[in-house]
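K.L.:
One file: model.cif (mmCIF, C-alpha atoms and all ligand atoms).
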data_final
#
loop_
_atom_site.label_atom_id
_atom_site.label_comp_id
_atom_site.auth_asym_id
_atom_site.auth_seq_id
_atom_site.Cartn_x
_atom_site.Cartn_y
_atom_site.Cartn_z
CA MET A 1 142.29 43.07 1.43
CA TRP A 2 145.93 42.04 1.22
CA ASP A 3 148.42 44.85 1.67
CA ASN A 4 151.26 42.50 1.00
CA PRO A 5 151.22 39.97 -1.87
CA GLY A 6 153.64 37.67 -0.02
CA LYS A 7 151.25 37.48 2.92
CA ALA A 8 148.37 36.57 0.64
CA HIS A 9 150.46 33.91 -1.01
CA ARG A 10 151.36 32.36 2.33
CA PHE A 11 147.74 32.45 3.39
CA PHE A 12 146.64 30.52 0.33
CA ILE A 13 149.40 27.93 0.79
CA LEU A 14 148.26 27.47 4.37
CA CYS A 15 144.66 27.02 3.26
CA PHE A 16 145.76 24.48 0.67
CA LEU A 17 147.76 22.48 3.22
CA LEU A 18 144.87 22.49 5.67
CA THR A 19 142.53 21.22 2.97
CA VAL A 20 144.92 18.43 1.99
CA CYS A 21 145.50 17.53 5.63
CA THR A 22 141.84 17.23 6.54
CA LYS A 23 141.48 14.75 3.70
CA VAL A 24 144.62 12.69 4.29
CA CYS A 25 145.16 13.02 8.03
CA GLN A 26 141.74 11.81 9.04
CA SER A 27 142.75 8.29 9.92
CA SER A 28 144.25 7.22 13.12
CA GLY A 29 144.86 4.01 14.99
CA TYR A 30 147.54 1.68 16.25
CA PHE A 31 148.98 -1.78 15.79
CA GLU A 32 149.35 -3.53 19.11
CA LEU A 33 151.62 -6.49 19.73
CA GLN A 34 151.37 -8.17 23.10
CA LEU A 35 154.28 -10.46 23.92
CA ILE A 36 153.14 -13.45 25.92
CA SER A 37 156.30 -15.46 26.40
CA VAL A 38 159.84 -16.05 25.24
CA GLU A 39 161.48 -19.42 25.82
CA ASN A 40 165.14 -19.68 25.01
CA PRO A 41 166.01 -22.61 27.28
CA ARG A 42 169.72 -22.80 26.53
CA GLY A 43 170.36 -19.07 26.22
CA GLN A 44 171.45 -19.18 22.60
CA LEU A 45 171.55 -16.99 19.53
CA LEU A 46 170.04 -18.03 16.20
CA ASN A 47 173.48 -19.11 14.96
CA GLY A 48 173.79 -21.56 17.84
CA ASP A 49 176.36 -19.57 19.84
CA CYS A 50 175.74 -18.63 23.44
CA CYS A 51 174.43 -15.10 23.94
CA ASP A 52 176.93 -14.15 26.61
CA SER A 53 178.46 -17.14 28.35
CA GLU A 54 181.87 -18.21 27.18
CA GLY A 55 181.65 -21.94 27.59
CA ARG A 56 178.83 -24.42 27.82
CA GLN A 57 177.85 -26.45 30.78
CA ALA A 58 177.92 -30.23 30.72
CA ASP A 59 174.21 -30.37 29.76
CA GLY A 60 174.80 -28.22 26.65
CA ASN A 61 173.20 -25.12 28.15
CA CYS A 62 175.02 -21.83 28.10
CA GLY A 63 176.31 -20.57 31.44
CA LEU A 64 174.79 -18.31 34.02
CA ASP A 65 175.17 -15.09 32.02
CA GLU A 66 171.77 -15.03 30.30
CA CYS A 67 170.79 -13.32 27.06
CA ASP A 68 169.79 -9.67 27.43
CA THR A 69 166.72 -9.89 25.26
CA TYR A 70 165.14 -6.90 23.54
CA PHE A 71 162.73 -6.69 20.64
CA ARG A 72 162.64 -4.98 17.30
CA VAL A 73 159.21 -4.87 15.66
CA CYS A 74 158.97 -3.75 12.04
CA LEU A 75 155.61 -3.17 10.38
CA LYS A 76 155.32 -2.57 6.66
CA GLU A 77 153.30 -3.14 3.52
CA TYR A 78 152.40 -6.65 2.42
CA GLN A 79 155.33 -8.25 0.64
CA GLN A 80 155.06 -11.49 -1.25
CA GLU A 81 158.75 -12.07 -0.69
CA VAL A 82 159.63 -10.34 2.53
CA LYS A 83 162.70 -8.12 2.46
CA ILE A 84 164.31 -8.23 5.87
CA GLY A 85 166.47 -5.12 5.66
CA GLY A 86 164.04 -2.75 3.93
CA PRO A 87 162.33 0.26 5.51
CA CYS A 88 159.52 -0.29 8.02
CA THR A 89 157.03 1.83 6.12
CA TYR A 90 154.22 1.57 8.67
CA GLY A 91 156.42 1.92 11.73
CA LEU A 92 159.28 0.55 13.79
CA GLU A 93 159.55 0.01 17.51
CA ILE A 94 162.65 -1.08 19.38
CA THR A 95 162.29 -1.97 23.05
CA LYS A 96 164.80 -1.78 25.84
CA VAL A 97 166.06 -5.06 27.34
CA ILE A 98 162.93 -6.72 28.69
CA GLY A 99 164.09 -10.12 29.87
CA GLY A 100 166.73 -12.84 30.07
CA ASN A 101 166.50 -16.28 28.45
CA THR A 102 162.96 -17.24 29.34
CA PHE A 103 160.24 -14.90 30.55
CA GLN A 104 156.59 -14.13 30.21
CA PHE A 105 154.14 -11.27 30.45
CA ARG A 106 150.64 -11.02 31.70
CA GLY A 107 150.05 -7.70 29.98
CA SER A 108 147.60 -6.58 32.61
CA GLN A 109 149.00 -3.26 33.77
CA LYS A 110 148.92 -0.15 31.68
CA GLY A 111 152.24 0.92 30.28
CA SER A 112 154.48 -0.10 27.46
CA HIS A 113 157.51 -2.35 27.46
CA ASP A 114 157.29 -3.41 31.07
CA THR A 115 154.19 -5.37 30.21
CA GLY A 116 155.44 -6.73 26.90
CA LYS A 117 153.09 -4.47 24.99
CA ILE A 118 154.54 -2.91 21.85
CA VAL A 119 152.44 -0.26 20.14
CA ILE A 120 152.98 1.17 16.65
CA PRO A 121 150.65 4.11 15.98
CA PHE A 122 149.63 5.11 12.46
CA GLN A 123 148.04 8.22 10.98
CA PHE A 124 147.08 6.85 7.62
CA SER A 125 144.20 4.84 6.28
CA TRP A 126 144.87 1.30 7.61
CA PRO A 127 145.66 -0.80 4.51
CA GLN A 128 144.56 -4.12 6.10
CA ASP A 129 147.37 -6.07 4.36
CA TYR A 130 150.68 -5.95 6.17
CA THR A 131 153.99 -7.64 6.86
CA LEU A 132 155.25 -7.93 10.42
CA ILE A 133 158.82 -8.80 11.37
CA VAL A 134 159.33 -9.53 15.05
CA GLU A 135 162.94 -10.01 16.12
CA ALA A 136 164.45 -10.90 19.47
CA TRP A 137 168.02 -9.67 19.93
CA ASP A 138 170.69 -9.95 22.58
CA LYS A 139 172.06 -6.64 23.84
CA ASP A 140 175.81 -6.47 24.30
CA ASN A 141 178.18 -3.68 25.08
CA GLY A 142 180.13 -4.05 21.87
CA THR A 143 182.07 -7.08 23.13
CA HIS A 144 180.59 -9.64 20.77
CA GLY A 145 181.66 -8.24 17.40
CA SER A 146 179.03 -6.91 15.03
CA ASP A 147 175.45 -6.46 16.29
CA ASP A 148 174.20 -8.44 13.30
CA GLU A 149 175.48 -11.58 14.97
CA LEU A 150 173.27 -11.13 18.01
CA LEU A 151 169.93 -12.17 16.56
CA ILE A 152 168.12 -14.68 18.77
CA GLU A 153 165.00 -15.25 16.71
CA ARG A 154 163.02 -13.77 13.85
CA SER A 155 159.32 -14.27 13.31
CA ILE A 156 157.81 -13.11 10.01
CA TYR A 157 154.08 -12.80 9.70
CA LYS A 158 152.06 -11.38 6.85
CA GLY A 159 148.43 -11.26 5.97
CA LYS A 160 145.32 -9.22 6.47
CA ILE A 161 144.02 -7.80 9.72
CA ASN A 162 141.01 -5.60 10.35
CA PRO A 163 140.62 -3.27 13.30
CA GLY A 164 138.87 -4.84 16.25
CA GLU A 165 139.00 -5.95 19.86
CA GLY A 166 140.00 -9.54 19.16
CA LYS A 167 143.64 -10.57 19.50
CA GLN A 168 145.20 -12.83 16.92
CA PRO A 169 147.61 -15.33 18.51
CA VAL A 170 150.95 -16.17 16.92
CA GLU A 171 153.40 -18.82 18.00
CA HIS A 172 156.86 -18.91 16.51
CA ARG A 173 158.90 -22.01 17.29
CA SER A 174 162.40 -23.03 16.26
CA PHE A 175 165.30 -25.12 17.57
CA ILE A 176 166.58 -22.11 19.46
CA ALA A 177 163.57 -20.38 20.94
CA THR A 178 159.79 -20.10 21.07
CA ILE A 179 158.09 -16.71 20.98
CA LYS A 180 154.38 -16.28 21.63
CA TYR A 181 152.49 -13.06 21.08
CA THR A 182 149.14 -11.70 20.06
CA MET A 183 148.37 -8.82 17.76
CA ARG A 184 145.50 -6.58 16.83
CA VAL A 185 144.75 -3.26 15.18
CA ARG A 186 142.59 -0.68 16.87
CA CYS A 187 141.25 2.66 15.74
CA ASP A 188 141.76 5.67 18.02
CA GLU A 189 138.82 7.30 19.70
CA HIS A 190 136.44 8.96 17.18
CA TYR A 191 137.85 6.87 14.31
CA TYR A 192 135.88 3.99 12.84
CA GLY A 193 135.72 1.57 9.97
CA MET A 194 137.96 -1.12 8.47
CA ARG A 195 140.57 1.52 7.69
CA CYS A 196 140.11 3.75 10.72
CA ASN A 197 139.32 6.60 8.33
CA ASN A 198 135.70 7.17 9.20
CA VAL A 199 135.67 10.09 11.63
CA CYS A 200 132.82 10.86 13.96
CA ARG A 201 133.14 13.18 16.96
CA PRO A 202 129.94 13.61 18.90
CA ARG A 203 128.98 17.28 19.36
CA ASP A 204 126.14 19.44 20.51
CA ASP A 205 126.86 22.98 19.34
CA TYR A 206 126.39 25.38 16.44
CA PHE A 207 128.08 22.98 14.00
CA GLY A 208 125.87 20.00 14.76
CA HIS A 209 123.90 18.07 17.37
CA TYR A 210 124.66 14.35 17.16
CA VAL A 211 126.16 11.25 18.75
CA CYS A 212 128.09 8.42 17.03
CA ASP A 213 127.27 4.72 16.92
CA HIS A 214 129.75 1.81 16.85
CA PHE A 215 130.22 2.21 13.11
CA GLY A 216 130.90 5.94 13.29
CA LYS A 217 127.51 6.82 11.89
CA ARG A 218 125.92 10.06 13.12
CA HIS A 219 122.63 9.99 14.94
CA CYS A 220 120.89 13.29 15.58
CA ILE A 221 120.08 14.26 19.15
CA GLU A 222 116.33 14.47 19.71
CA GLY A 223 114.93 17.72 18.29
CA TRP A 224 117.48 18.03 15.46
CA GLU A 225 117.54 16.83 11.88
CA GLY A 226 119.40 17.33 8.60
CA GLU A 227 122.75 16.09 7.33
CA ASP A 228 124.79 17.63 10.13
CA CYS A 229 121.85 17.62 12.54
CA LYS A 230 121.93 21.45 12.45
CA THR A 231 118.25 21.98 11.68
CA ALA A 232 115.98 22.33 14.69
CA ILE A 233 112.68 20.47 14.57
CA CYS A 234 110.07 23.14 15.27
CA LYS A 235 107.05 22.83 17.51
CA GLN A 236 104.43 20.45 16.18
CA GLY A 237 101.96 22.30 13.95
CA CYS A 238 104.40 25.08 13.14
CA SER A 239 103.82 26.25 9.56
CA SER A 240 106.45 24.91 7.20
CA LEU A 241 105.99 28.02 5.02
CA HIS A 242 105.73 30.91 7.51
CA GLY A 243 106.99 29.39 10.74
CA THR A 244 110.63 28.95 11.73
CA CYS A 245 112.70 28.04 14.75
CA SER A 246 116.31 28.08 15.86
CA THR A 247 115.92 25.71 18.82
CA PRO A 248 113.84 22.53 18.96
CA GLY A 249 110.17 22.88 19.90
CA GLU A 250 110.07 26.61 19.08
CA CYS A 251 107.85 28.33 16.48
CA LYS A 252 108.27 31.89 15.24
CA CA B 301 173.86 -11.13 29.76
CA CA B 302 174.26 -9.90 26.07
#
Please, can you express the file's structure as structure tokens?
Ligand code: CA
Ligand code: CA
P.N.:
Amino acid sequence: MWDNPGKAHRFFILCFLLTVCTKVCQSSGYFELQLISVENPRGQLLNGDCCDSEGRQADGNCGLDECDTYFRVCLKEYQQEVKIGGPCTYGLEITKVIGGNTFQFRGSQKGSHDTGKIVIPFQFSWPQDYTLIVEAWDKDNGTHGSDDELLIERSIYKGKINPGEGKQPVEHRSFIATIKYTMRVRCDEHYYGMRCNNVCRPRDDYFGHYVCDHFGKRHCIEGWEGEDCKTAICKQGCSSLHGTCSTPGECK
């Protein structure tokens, strides 16, 4: 069959990878963070400095040059003691500048950062436990020294979250700023379960005849039965020994 041993070898490696992939890659979903509002009334950084204005006004507020606020959202495994600088194992999303000192989102329109919606997709079995680090930063053009000094606020949240429609509200409040957001995890289309690893794609062809319910369980289309709903249910009265059928309601 194989005129070339190298070709055969490559073929078997490909088969192996496909087998591994269908087992591991069959999970899919996304973590969705919806920013609701940011209130930084004086336009300050976490260290108390002004974001951009040189001096303060008489009322203690920073001047007219507002913070250029962008977000960095880091999602990773549950950590008892959260490491700030470590890798974002589940995903990282950094937005463009999305507001000044104080702003809010309604999150109604479709889109990404313009509506304050930050999405981190995943292609692994959702572990349920997680750590989330939400940071607001001020964007500068290298005029304010090191970027590390430009942190406005950091909100750390960890716990357990299951996929679902409901949005979990979070409010982070400090002397500098208040950040409000909601979060949820959702499975992609055709993926179900608490880990988004239960796959069900409705089909009506040679490989099966079924639809999927809300839990990802297969339900045979009328006239079909069996594990993959591939067996036609023959005409009533058709002999189970001598009769057969390839389409429902038939008897040969
Ligand atoms: Ca500015
Ligand atoms: Ca700035």
K.L.:
Using all atoms listed in the file for the distances, tell me which of A:Ile98, A:Cys251, A:Val119, A:Val199 is nearest to A:Asp138.
P.N.:
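Using all atoms listed in the file, A:Asp138 sits closest to A:Ile98.
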K.L.:
Given all atoms listed in the file as the basis, pick out the residue of A:Phe105, A:Phe71, A:Trp224, A:Trp137 nearest to ligand CA 302 (chain B).
P.N.:
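For ligand CA 302 (chain B), the nearest of the candidates is A:Trp137.
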K.L.:
Mind pulling up the distance from atom CA of A:Asn141 to atom CA of A:Thr95?
P.N.:
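Atom CA of A:Asn141 lies 16.1 Å from atom CA of A:Thr95.
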K.L.:
Which is closer to ligand CA 302 (chain B) than all the others in A:Asp49, A:Glu93, A:Asp140, A:Glu77, using only C-alpha atoms and all ligand atoms?
P.N.:
A:Asp140
K.L.:
Could you list, as a JSON list (two decimals) with C-alpha atoms, in the coordinates of the input, every residue within 10 Å of A:Arg195, counting all atoms listed in the file and ignoring same-chain residues fewer than 3 positions away?
P.N.:
[["chain", "number", "residue", "atom", "x", "y", "z"],
["A", 27, "SER", "CA", 142.75, 8.29, 9.92],
["A", 28, "SER", "CA", 144.25, 7.22, 13.12],
["A", 29, "GLY", "CA", 144.86, 4.01, 14.99],
["A", 124, "PHE", "CA", 147.08, 6.85, 7.62],
["A", 125, "SER", "CA", 144.20, 4.84, 6.28],
["A", 126, "TRP", "CA", 144.87, 1.30, 7.61],
["A", 127, "PRO", "CA", 145.66, -0.80, 4.51],
["A", 128, "GLN", "CA", 144.56, -4.12, 6.10],
["A", 162, "ASN", "CA", 141.01, -5.60, 10.35],
["A", 163, "PRO", "CA", 140.62, -3.27, 13.30],
["A", 185, "VAL", "CA", 144.75, -3.26, 15.18],
["A", 186, "ARG", "CA", 142.59, -0.68, 16.87],
["A", 187, "CYS", "CA", 141.25, 2.66, 15.74],
["A", 191, "TYR", "CA", 137.85, 6.87, 14.31],
["A", 192, "TYR", "CA", 135.88, 3.99, 12.84],
["A", 198, "ASN", "CA", 135.70, 7.17, 9.20]]
K.L.:
At a cut-off of 8 Å and counting only C-alpha atoms and all ligand atoms, what residues surround ligand CA 302 (chain B)? Please answer as a ChimeraX atom specification.
P.N.:
/A:51-52,65-69,138-141
K.L.:
I'd like to know which of A:Asp204, A:Glu165, A:Asp129, A:Glu32 is closest to A:His219, using all atoms listed in the file.
P.N.:
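Counting all atoms listed in the file, the residue closest to A:His219 is A:Asp204.
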K.L.:
Find the distance between atom CA of A:Leu64 and atom CA of A:Ser155 and write it in Å to one decimal.
P.N.:
26.2 Å
K.L.:
Which residue out of A:Leu92, A:Val73, A:Val82, A:Leu150 has the minimum interatomic distance to ligand CA 301 (chain B) when all atoms listed in the file are used?
P.N.:
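Under the stated criterion, the closest residue is A:Leu150.
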K.L.:
Given the choices A:Cys62, A:Ile221, A:Ile179, A:Cys88, which gets closest to ligand CA 301 (chain B) if the distance is worked out from all atoms listed in the file?
P.N.:
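Answer, going by the shortest atom-to-atom distance: A:Cys62.
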K.L.:
Give me the residues near stretch 236-242 of chain A as a list in words, where near means some atom within 12 Å (using all atoms listed in the file) and where sequence neighbours in that chain fewer than 3 positions away do not count.
P.N.:
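Surrounding residues, per the criterion: Gly223, Ala232, Ile233, Cys245, Pro248, Gly249, Glu250, Cys251 and Lys252 of chain A.
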K.L.:
One decimal, in Å: what's the spacing between atom CA of A:Tyr181 and atom CA of A:Cys50?
P.N.:
24.0 Å
K.L.:
As AutoDock Vina command-line options, please: the centre and edge lengths in Å, to one decimal, of an axis-aligned box enclosing every listed atom of stretch 229-246 of chain A with 5 Å added on each side.
P.N.:
--center_x 111.9 --center_y 24.3 --center_z 11.3 --size_x 30.0 --size_y 23.3 --size_z 22.5
K.L.:
Determine, counting only C-alpha atoms, which protein, DNA and RNA residues have an atom within 12 Å of an atom of A:Gly86; residues of the same chain fewer than 4 positions away are not included. Present the result as a compact mmCIF listing (two decimals) with C-alpha atoms, keeping the file's coordinate frame.
P.N.:
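Output saved as part.txt:
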# COMPACT_ATOMS: atom_id res chain seq x y z
CA CYS A 74 158.97 -3.75 12.04
CA LEU A 75 155.61 -3.17 10.38
CA LYS A 76 155.32 -2.57 6.66
CA GLU A 77 153.30 -3.14 3.52
CA GLN A 79 155.33 -8.25 0.64
CA GLU A 81 158.75 -12.07 -0.69
CA VAL A 82 159.63 -10.34 2.53
CA TYR A 90 154.22 1.57 8.67
CA GLY A 91 156.42 1.92 11.73
CA LEU A 92 159.28 0.55 13.79
CA THR A 131 153.99 -7.64 6.86
CA ILE A 133 158.82 -8.80 11.37
K.L.:
Show me, as a list in words, the residues that have an atom within 9 Å of A:Ile118 when counting only C-alpha atoms, minus same-chain residues fewer than 2 positions from it.
P.N.:
Phe31, Glu32, Leu33, Gln34, Leu35, Val73, Glu93, Ile94, Thr95, Ser112, His113, Thr115, Gly116 and Ile120 of chain A
K.L.:
Any idea what's packed within 10 Å of stretch 208-210 of chain A, counting all atoms listed in the file, ignoring anything in its chain fewer than 6 positions away? Could you give it as a list in words?
P.N.:
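The contact residues come out as Cys200, Arg201, Pro202, Lys217, Arg218, His219, Cys220, Ile221, Glu222, Gly223, Trp224, Glu225, Gly226, Glu227, Asp228, Cys229, Lys230, Thr231 and Ala232 of chain A.
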